[in-house]
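Peer 1: Submitted below is the structure of interest, expressed as structure tokens.
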Amino acid sequence: MEDTSIPRIEMSGITKLFPGVKALQNVDLCIYPGEVHALLGENGAGKSTLIKIMTGALPTDEGKIRLDGQAIVLNSTVDAQKLGISTVYQEVNLIPAMSVAKNMTLQRQPTRFGLINWAAARNLARKRLKQLSLDIDLERPVGSYSIAIQQLVAIARALEDNTKVLVLDEPTASLDAGETNALFEVIRDLKSRGIAIVFITHFLDQVYEISDRITVLRNGQLVGTSMAKDLPRLDLIKQMIGRELEQAEGQLTKRSTDNLGEPVIVAKGLGCKRVIEPFDLNIRAGEVVGLAGLLGSGRTETAKLIFGALPSDSGTLTMNGEVVTNNSPRQSLGRDIAFCPEDRKEEGLVGELSIRENIILSLQAKNGWLKQLSYDEQERLADEMIKALAIATPDMDKPVNQLSGGNQQKVVLARALVSDPKLLILDEPTRGIDVGAHAEIVMLIRRLCSQGMALLVASSELDEIVAVSDRVAVLRDHKQIGEIAGDEVTREKIIGMIASG
Amino acid sequence: MSTDITLSTRLRALAGYRATWPLLALAAIFIVDGFISPGFYDIRIVEGRLFGSVIDIFYRAMPTAIVALGMAVVIGTKGIDLSVGSVVAICGAVIAWRIHEGDSHFVILFLALGTGLLCGLWNGFLVAVLNIQPIIATLILMVSGRGIGLLVNQFYGGTDPSFESALLQGLSVGHIWLIPTRLIVGVGVFIALWFLIRRTALGLFIEAVGGNTSAANLAGVNARLIIFSAYLIAGLCAGIAGVILTADTHTSDPVSVALYIELDAILAVVIGGGSLAGGRIYLGMTVIGALIIQALTTSILISGLPPEYNLVVKAVVVLFVLLLQSQNARNAVWGLFSWRKS
């Protein structure tokens, strides 16, 4: 690494606002020629927004980008590619039924007299594949090769003669160990040619294996950039999930766990192949159980398995003393379990429907289609929730997609609460919610728990888990690695468990 | 000045209501018709039944309107049913067959409706259980349905598929007091469907599933069952239209009965403000859409233009209505006006 030279690409003071959310706030990123730079952070930390700005897919609101010392303005991905900034996205963007050669030259075909010059196209494809020492049949459909080869074809396609910066977004997500090593060989080769590489992944082992430096983002802000060899794994995890405890939450005191009620759910050896390894978990009335772990550790999967949103293929689940077979969200709801999904846009809200309709949807589903809640009843319930959760809207009959992100999150929570659950499962309950509302929601949940509601919280915010949980199940690599309770529930203990091994 | 501003803002608000433009379009067609055909608004009583061009538009629009109501429900789930014309053909063939076999006509009425339901069951099975894309799933019955109708005609030799039935023809071309029976049937279907959709939670569930299937599922809605029921409703509506259309000509003609009715029905839903992206059901506006389509056809006939113009003029007017409904197009027109003023 040529630390003293001019940075290949330098982004400074990057700020990006989306309606209701500050996606990036004054973020700096600087990558040198021949460097592999790992960009890390949990979901929603701002990694993909930063990458999109770097590759011209999104305009930045504030801040400057310099390439080899020259200030540049990127209006499109084509602009960025012309300047030598290329990206390979997580989902391989190849057309499976097309030949390797056609896929490789899809974006820019060499032409002669306005017609595509296929001979030149094949030569170009061959040349680019050769750069990666990849010897495959150019005429075979890309889909007939393994994902690893496809990944390499996508990288070969992204490499132009003038490529200076290459962004690899989760390139190893679907590769096995051998394939990953082959990819790393290619990355080392590109590095030796002076290409600056941005590497996004959630596998920490790989970060330490290949990266020179590491930048961590959290909630749209830069946590820091360090040399990989100077940043112990423990500190890295702290940077990724630690957060200074908000004062409002700090005032919440732990309750005694003596007067807990009957078990609401008992999971024994519950699991699903390739999704989450079998685990045991029980939750009693009035208890708060946390699910802690890094991105991709199986937090969401555990929550969904219990709710029946994912099918289990081993173990048993007992709800309120009854063994559950063929679990489904519908069935769980009937047993007074409610779930707030992490991805409110994809899995939470029905954007076209009004706030009122979104709030009463679960309760109505529980009642069945014949027993329609009267309009007055719907209005009363929606109004109650809008007040209780301080949802900022002048009109409950507005389409829910007109609300800001934090208020949308509250509508999803309102829907779960209106169905009057005995067990509430929250996946990332406070993502995108401002500090004040955050505290209100935590207080409300605490009050409901003191009335006997059980709660299962999956969160990437370690401090949130520590603040609310009586007991915490810690996960790593799709596996539950331990459970801690009472005084043991501390940040340090959890980080230690995740980092060990 | 201030009244000007409030008037302008009110007009803008009015322009935003989804009912405004289709209703204006229907009114405009009626007004133009009044000029080109002096007797357009005349309503006479002939043989104990109301007659006149306006009545005729309602009369002829009914089969399409009934099919379109079912289509509106399916489109609400983000689906589509291309097979409705073929379902009409199969129902017609079943009616003629059973009449030739000498069944009670009252029973045949229910057999025809049952056939519609069965077709809906098949479509629902393909879409909801096998997860086949709606356009492909219903294409299967669309392509095969008219052939099935011809095969049913063969059950009794296929020599003469015509029939006489006082009951079925009464439902189609008859009248009760002064009002054509099919108008009463149409109003009945509308009210029944409105109650099913708006006075139970079915409408909310359909709109939730159409708007975001995975969110609806996680909220506890049985999306599969909801989608299934939508195709059943569409099949039943097509069955009702099948009875009316078949009894009208009192013959089973699977090749040409209700040809392109699926396209008119989809168009009626879209003119009524429904989006093929799903998530909303507008029953009343769908009927207005069907009326606009029929009013156009009738206008071309009474205007003396050769019928060859029919489809092209229809396409132009429909394009115009859709443009008026588009917020972007409206903004562009407003922009043009304010530019001229300044």
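Residue numbering restarts at 1 in every chain; chains get A, B, ... in the order shown in the structure tokens, and ligands count up from 1 in that same order.
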Need to verify the contact set: Ile29 (chain B), 10 Å, only C-alpha atoms, exclusion of same-chain residues closer than 2 positions in sequence. Can you return it as JSON, numbers by chain?
Peer 2: {"B": [23, 24, 25, 26, 27, 31, 32, 33, 34, 292, 295, 296, 299, 317]}
Peer 1: For chain B, report every residue with an atom at most 9 Å from chain A (counting only C-alpha atoms), formatted as a list in words.
Peer 2: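 The selection requested is Arg199, Thr200, Ala201, Leu202, Gly203, Leu204, Phe205, Glu207, Ala208, Val209, Gly210, Gly211, Asn212, Thr213, Ser214, Ala215, Ala216, Asn217, Leu218, Ala219, Gly220, Val221, Asn222, Gly279 and Arg280 of chain B.
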Peer 1: Generate the output file for the selected residues, C-alpha atoms, as a PDB file, in the first residue's frame.
Peer 2:
```pdb
ATOM      1  CA  ARG B 199     -69.761  -4.595   4.610  1.00  0.00           C
ATOM      2  CA  THR B 200     -67.465  -7.490   5.453  1.00  0.00           C
ATOM      3  CA  ALA B 201     -63.710  -7.276   5.842  1.00  0.00           C
ATOM      4  CA  LEU B 202     -63.167  -9.093   2.519  1.00  0.00           C
ATOM      5  CA  GLY B 203     -62.542  -5.813   0.693  1.00  0.00           C
ATOM      6  CA  LEU B 204     -59.899  -4.739   3.217  1.00  0.00           C
ATOM      7  CA  PHE B 205     -58.177  -8.126   2.956  1.00  0.00           C
ATOM      8  CA  GLU B 207     -56.790  -4.601  -0.921  1.00  0.00           C
ATOM      9  CA  ALA B 208     -54.141  -5.542   1.643  1.00  0.00           C
ATOM     10  CA  VAL B 209     -53.127  -8.636  -0.326  1.00  0.00           C
ATOM     11  CA  GLY B 210     -53.094  -6.697  -3.598  1.00  0.00           C
ATOM     12  CA  GLY B 211     -51.108  -3.846  -2.059  1.00  0.00           C
ATOM     13  CA  ASN B 212     -48.475  -5.933  -0.291  1.00  0.00           C
ATOM     14  CA  THR B 213     -48.892  -9.695  -0.154  1.00  0.00           C
ATOM     15  CA  SER B 214     -46.093 -10.474   2.280  1.00  0.00           C
ATOM     16  CA  ALA B 215     -47.166  -7.726   4.688  1.00  0.00           C
ATOM     17  CA  ALA B 216     -50.760  -8.980   4.566  1.00  0.00           C
ATOM     18  CA  ASN B 217     -49.563 -12.519   5.279  1.00  0.00           C
ATOM     19  CA  LEU B 218     -47.478 -11.399   8.252  1.00  0.00           C
ATOM     20  CA  ALA B 219     -50.456  -9.415   9.532  1.00  0.00           C
ATOM     21  CA  GLY B 220     -52.376 -12.687   9.656  1.00  0.00           C
ATOM     22  CA  VAL B 221     -54.403 -12.422   6.441  1.00  0.00           C
ATOM     23  CA  ASN B 222     -54.740 -15.729   4.600  1.00  0.00           C
ATOM     24  CA  GLY B 279     -54.597  -2.736  -3.936  1.00  0.00           C
ATOM     25  CA  ARG B 280     -57.816  -0.847  -4.601  1.00  0.00           C
TER      26      ARG B 280
END
```
Peer 1: Output as a PyMOL selection string all residues of region 100-332 of chain A that backbone DSSP marks as strand (DSSP E or B).
Peer 2: chain A and resi 111-112+115-116+141+165-169+196-200+213-218+221-227+263-272+276-284+288-292+314-319+322-324
Peer 1: Could you tell me, as a VMD selection string, which residues of region 14-181 of chain A DSSP assigns to alpha helix (DSSP H) when given the backbone?
Peer 2: chain A and resid 47 to 54 77 to 83 100 to 104 118 to 131 147 to 158 177 to 181
Peer 1: Report as a PyMOL selection string all protein, DNA and RNA residues lying within 9 Å of region 466-480 of chain A, evaluated on only C-alpha atoms, omitting residues in the same chain fewer than 4 positions from it.
Peer 2: chain A and resi 245+249-250+252-257+274-281+287-294+296-299+301-302+442+446+455-457+461-462+484-491+494+497-498
Peer 1: Grab the residues selected above and save them as a tab-separated table (two decimals), in the first residue's frame with N, CA and C atoms.
Peer 2:
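See result_33.tsv below for the written result:
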```
chain	number	residue	atom	x	y	z
A	245	LEU	N	-25.53	5.00	25.52
A	245	LEU	CA	-26.87	4.81	26.05
A	245	LEU	C	-27.58	6.15	26.10
A	249	GLU	N	-33.31	6.10	28.24
A	249	GLU	CA	-33.33	4.67	28.49
A	249	GLU	C	-32.56	4.32	29.74
A	250	GLY	N	-31.57	5.12	30.01
A	250	GLY	CA	-30.76	4.86	31.18
A	250	GLY	C	-31.57	4.89	32.47
A	252	LEU	N	-34.46	3.75	32.85
A	252	LEU	CA	-35.27	2.54	33.01
A	252	LEU	C	-34.52	1.57	33.90
A	253	THR	N	-35.19	1.11	34.91
A	253	THR	CA	-34.51	0.19	35.80
A	253	THR	C	-34.98	-1.23	35.55
A	254	LYS	N	-34.11	-2.13	35.81
A	254	LYS	CA	-34.46	-3.55	35.66
A	254	LYS	C	-35.49	-3.92	36.71
A	255	ARG	N	-36.46	-4.71	36.31
A	255	ARG	CA	-37.43	-5.19	37.29
A	255	ARG	C	-36.91	-6.50	37.86
A	256	SER	N	-37.50	-6.89	38.96
A	256	SER	CA	-37.12	-8.20	39.48
A	256	SER	C	-37.77	-9.25	38.61
A	257	THR	N	-37.10	-10.37	38.46
A	257	THR	CA	-37.62	-11.40	37.56
A	257	THR	C	-38.25	-12.54	38.35
A	274	ARG	N	-30.24	-24.69	6.72
A	274	ARG	CA	-29.63	-23.60	5.96
A	274	ARG	C	-30.12	-22.22	6.38
A	275	VAL	N	-31.02	-22.13	7.37
A	275	VAL	CA	-31.50	-20.83	7.81
A	275	VAL	C	-31.05	-20.57	9.25
A	276	ILE	N	-31.40	-21.49	10.13
A	276	ILE	CA	-30.96	-21.37	11.52
A	276	ILE	C	-30.85	-22.76	12.13
A	277	GLU	N	-29.76	-22.97	12.87
A	277	GLU	CA	-29.58	-24.28	13.48
A	277	GLU	C	-30.52	-24.43	14.66
A	278	PRO	N	-30.90	-25.68	14.99
A	278	PRO	CA	-31.87	-25.90	16.06
A	278	PRO	C	-31.49	-25.18	17.36
A	279	PHE	N	-32.49	-24.57	18.00
A	279	PHE	CA	-32.23	-23.84	19.24
A	279	PHE	C	-33.35	-24.10	20.25
A	280	ASP	N	-33.05	-23.87	21.53
A	280	ASP	CA	-34.06	-23.94	22.59
A	280	ASP	C	-34.32	-22.52	23.06
A	281	LEU	N	-35.57	-22.19	23.29
A	281	LEU	CA	-35.88	-20.87	23.81
A	281	LEU	C	-37.23	-20.93	24.48
A	287	GLU	N	-42.03	-11.38	30.64
A	287	GLU	CA	-40.58	-11.40	30.51
A	287	GLU	C	-40.15	-10.74	29.19
A	288	VAL	N	-38.97	-10.12	29.20
A	288	VAL	CA	-38.42	-9.57	27.97
A	288	VAL	C	-37.16	-10.36	27.60
A	289	VAL	N	-37.19	-11.00	26.44
A	289	VAL	CA	-36.03	-11.77	25.99
A	289	VAL	C	-35.44	-11.07	24.76
A	290	GLY	N	-34.13	-10.89	24.78
A	290	GLY	CA	-33.46	-10.24	23.65
A	290	GLY	C	-32.77	-11.26	22.76
A	291	LEU	N	-32.68	-10.93	21.46
A	291	LEU	CA	-31.89	-11.74	20.54
A	291	LEU	C	-30.76	-10.85	20.05
A	292	ALA	N	-29.52	-11.19	20.44
A	292	ALA	CA	-28.39	-10.35	20.08
A	292	ALA	C	-27.48	-11.09	19.11
A	293	GLY	N	-26.81	-10.34	18.26
A	293	GLY	CA	-25.90	-10.94	17.29
A	293	GLY	C	-25.66	-9.96	16.17
A	294	LEU	N	-24.65	-10.26	15.36
A	294	LEU	CA	-24.35	-9.36	14.25
A	294	LEU	C	-25.34	-9.59	13.11
A	296	GLY	N	-26.85	-10.97	9.96
A	296	GLY	CA	-26.68	-12.28	9.35
A	296	GLY	C	-26.45	-13.40	10.34
A	297	SER	N	-26.59	-13.11	11.65
A	297	SER	CA	-26.33	-14.15	12.64
A	297	SER	C	-27.55	-15.02	12.87
A	298	GLY	N	-28.72	-14.58	12.38
A	298	GLY	CA	-29.92	-15.40	12.52
A	298	GLY	C	-30.93	-14.81	13.49
A	299	ARG	N	-30.79	-13.54	13.84
A	299	ARG	CA	-31.75	-12.88	14.73
A	299	ARG	C	-33.15	-12.90	14.14
A	301	GLU	N	-34.28	-14.57	11.63
A	301	GLU	CA	-34.76	-15.91	11.32
A	301	GLU	C	-35.35	-16.58	12.56
A	302	THR	N	-34.69	-16.38	13.72
A	302	THR	CA	-35.21	-16.95	14.95
A	302	THR	C	-36.60	-16.40	15.24
A	442	VAL	N	-40.12	2.58	24.23
A	442	VAL	CA	-39.55	1.68	25.25
A	442	VAL	C	-40.39	1.73	26.53
A	446	ARG	N	-42.47	-1.36	28.20
A	446	ARG	CA	-42.24	-1.73	29.60
A	446	ARG	C	-43.54	-1.82	30.37
A	455	LEU	N	-42.25	-10.36	25.75
A	455	LEU	CA	-41.67	-9.63	24.62
A	455	LEU	C	-40.40	-10.33	24.14
A	456	LEU	N	-40.27	-10.47	22.83
A	456	LEU	CA	-39.05	-10.98	22.23
A	456	LEU	C	-38.52	-9.89	21.31
A	457	VAL	N	-37.31	-9.39	21.59
A	457	VAL	CA	-36.75	-8.29	20.80
A	457	VAL	C	-35.50	-8.75	20.08
A	461	GLU	N	-28.94	-3.06	17.81
A	461	GLU	CA	-28.46	-2.08	18.79
A	461	GLU	C	-28.24	-2.81	20.12
A	462	LEU	N	-27.01	-3.06	20.42
A	462	LEU	CA	-26.70	-3.84	21.61
A	462	LEU	C	-27.20	-3.15	22.88
A	484	ILE	N	-27.79	-15.62	28.37
A	484	ILE	CA	-27.38	-15.00	29.62
A	484	ILE	C	-28.57	-14.33	30.26
A	485	ALA	N	-28.53	-14.19	31.58
A	485	ALA	CA	-29.69	-13.61	32.27
A	485	ALA	C	-29.23	-12.74	33.42
A	486	GLY	N	-30.14	-11.88	33.89
A	486	GLY	CA	-29.92	-11.07	35.09
A	486	GLY	C	-28.71	-10.16	34.98
A	487	ASP	N	-27.84	-10.21	35.98
A	487	ASP	CA	-26.70	-9.30	36.05
A	487	ASP	C	-25.67	-9.56	34.96
A	488	GLU	N	-25.73	-10.75	34.39
A	488	GLU	CA	-24.78	-11.08	33.31
A	488	GLU	C	-25.05	-10.29	32.05
A	489	VAL	N	-26.28	-9.75	31.91
A	489	VAL	CA	-26.65	-9.06	30.68
A	489	VAL	C	-25.95	-7.71	30.62
A	490	THR	N	-24.76	-7.73	30.05
A	490	THR	CA	-24.02	-6.48	29.86
A	490	THR	C	-23.47	-6.48	28.45
A	491	ARG	N	-23.13	-5.28	28.00
A	491	ARG	CA	-22.58	-5.11	26.67
A	491	ARG	C	-21.31	-5.93	26.48
A	494	ILE	N	-21.81	-9.71	26.12
A	494	ILE	CA	-22.36	-10.12	24.83
A	494	ILE	C	-21.30	-9.99	23.72
A	497	MET	N	-18.96	-12.80	23.91
A	497	MET	CA	-19.50	-14.07	23.40
A	497	MET	C	-19.47	-14.10	21.88
A	498	ILE	N	-19.82	-12.95	21.26
A	498	ILE	CA	-19.85	-12.92	19.79
A	498	ILE	C	-18.44	-13.05	19.22
```
Peer 1: Kindly give the distance, in Å, that separates CA of Ala241 (chain B) and CA of Val88 (chain B), rounded to a single decimal.
Peer 2: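 Taking CA of Ala241 (chain B) and CA of Val88 (chain B), their separation equals 6.6 Å.
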Peer 1: Excluding Leu319 (chain B) and any residue of its chain fewer than 5 positions from it, enumerate the residues within 12 Å of it, using only C-alpha atoms, and give them as JSON, numbers by chain.
Peer 2: {"B": [22, 25, 267, 270, 271, 293, 312, 313, 314, 324, 325, 326, 329]}
Peer 1: Save the residues we just selected, all heavy atoms, as a short mmCIF file (atom, residue, chain, number, x, y, z; two decimals), in the first residue's frame?
Peer 2:
```cif
data_model
loop_
_atom_site.label_atom_id
_atom_site.label_comp_id
_atom_site.auth_asym_id
_atom_site.auth_seq_id
_atom_site.Cartn_x
_atom_site.Cartn_y
_atom_site.Cartn_z
N PRO B 22 -64.07 10.39 -15.12
CA PRO B 22 -64.95 9.43 -15.80
C PRO B 22 -66.39 9.93 -15.90
O PRO B 22 -67.03 9.78 -16.95
CB PRO B 22 -64.86 8.19 -14.91
CG PRO B 22 -63.53 8.30 -14.26
CD PRO B 22 -63.32 9.76 -14.03
N ALA B 25 -66.58 12.51 -18.55
CA ALA B 25 -66.46 11.90 -19.86
C ALA B 25 -67.80 11.31 -20.28
O ALA B 25 -68.25 11.50 -21.42
CB ALA B 25 -65.38 10.82 -19.85
N LEU B 267 -60.64 -2.71 -19.29
CA LEU B 267 -60.70 -1.29 -19.62
C LEU B 267 -61.67 -0.56 -18.70
O LEU B 267 -61.37 0.54 -18.20
CB LEU B 267 -61.16 -1.16 -21.08
CG LEU B 267 -60.68 0.05 -21.85
CD1 LEU B 267 -59.18 0.18 -21.74
CD2 LEU B 267 -61.10 -0.08 -23.31
N VAL B 270 -60.06 0.01 -15.41
CA VAL B 270 -58.99 1.02 -15.46
C VAL B 270 -59.57 2.43 -15.64
O VAL B 270 -59.13 3.37 -14.98
CB VAL B 270 -57.99 0.67 -16.58
CG1 VAL B 270 -56.98 1.77 -16.75
CG2 VAL B 270 -57.30 -0.64 -16.27
N ILE B 271 -60.58 2.55 -16.51
CA ILE B 271 -61.23 3.85 -16.67
C ILE B 271 -61.83 4.29 -15.34
O ILE B 271 -61.81 5.46 -14.98
CB ILE B 271 -62.34 3.79 -17.76
CG1 ILE B 271 -61.72 3.59 -19.13
CG2 ILE B 271 -63.17 5.07 -17.75
CD1 ILE B 271 -62.74 3.42 -20.23
N ILE B 293 -67.78 2.82 -22.09
CA ILE B 293 -67.41 2.00 -23.24
C ILE B 293 -68.62 1.75 -24.13
O ILE B 293 -68.57 1.91 -25.35
CB ILE B 293 -66.79 0.66 -22.77
CG1 ILE B 293 -65.46 0.94 -22.07
CG2 ILE B 293 -66.59 -0.28 -23.94
CD1 ILE B 293 -64.88 -0.28 -21.38
N VAL B 312 -61.42 2.31 -33.30
CA VAL B 312 -60.41 3.36 -33.28
C VAL B 312 -60.88 4.54 -32.43
O VAL B 312 -60.15 5.03 -31.57
CB VAL B 312 -60.08 3.82 -34.71
CG1 VAL B 312 -59.08 4.96 -34.67
CG2 VAL B 312 -59.53 2.66 -35.53
N VAL B 313 -62.15 4.96 -32.66
CA VAL B 313 -62.69 6.07 -31.87
C VAL B 313 -62.70 5.71 -30.39
O VAL B 313 -62.32 6.50 -29.53
CB VAL B 313 -64.11 6.44 -32.36
CG1 VAL B 313 -64.73 7.48 -31.44
CG2 VAL B 313 -64.06 6.96 -33.78
N LYS B 314 -63.09 4.47 -30.10
CA LYS B 314 -63.12 4.00 -28.72
C LYS B 314 -61.74 4.15 -28.10
O LYS B 314 -61.59 4.67 -27.00
CB LYS B 314 -63.55 2.54 -28.73
CG LYS B 314 -64.14 2.05 -27.45
CD LYS B 314 -65.07 0.88 -27.74
CE LYS B 314 -64.48 -0.42 -27.27
NZ LYS B 314 -65.37 -1.57 -27.51
N LEU B 324 -56.57 12.21 -18.72
CA LEU B 324 -57.17 13.15 -17.76
C LEU B 324 -56.97 12.66 -16.34
O LEU B 324 -56.82 13.45 -15.41
CB LEU B 324 -58.66 13.31 -18.05
CG LEU B 324 -59.00 14.20 -19.24
CD1 LEU B 324 -60.49 14.17 -19.51
CD2 LEU B 324 -58.57 15.64 -18.97
N GLN B 325 -56.98 11.34 -16.15
CA GLN B 325 -56.83 10.80 -14.80
C GLN B 325 -55.39 10.86 -14.31
O GLN B 325 -55.13 10.78 -13.12
CB GLN B 325 -57.28 9.34 -14.77
CG GLN B 325 -58.77 9.21 -14.79
CD GLN B 325 -59.18 7.77 -14.75
OE1 GLN B 325 -58.34 6.88 -14.85
NE2 GLN B 325 -60.43 7.51 -14.58
N SER B 326 -54.46 11.00 -15.24
CA SER B 326 -53.05 10.98 -14.83
C SER B 326 -52.64 12.32 -14.26
O SER B 326 -52.81 13.36 -14.90
CB SER B 326 -52.19 10.62 -16.04
OG SER B 326 -51.00 11.37 -16.02
N ALA B 329 -50.13 14.20 -16.49
CA ALA B 329 -50.69 14.82 -17.69
C ALA B 329 -51.45 16.08 -17.30
O ALA B 329 -51.35 17.12 -17.96
CB ALA B 329 -51.60 13.85 -18.41
#
```
Peer 1: Can you work out which one of B:Ile140, B:Leu168, B:Leu113, B:Leu225 has the shortest atom-to-atom distance to Thr251 (chain B), counting only C-alpha atoms?
Peer 2: B:Leu168
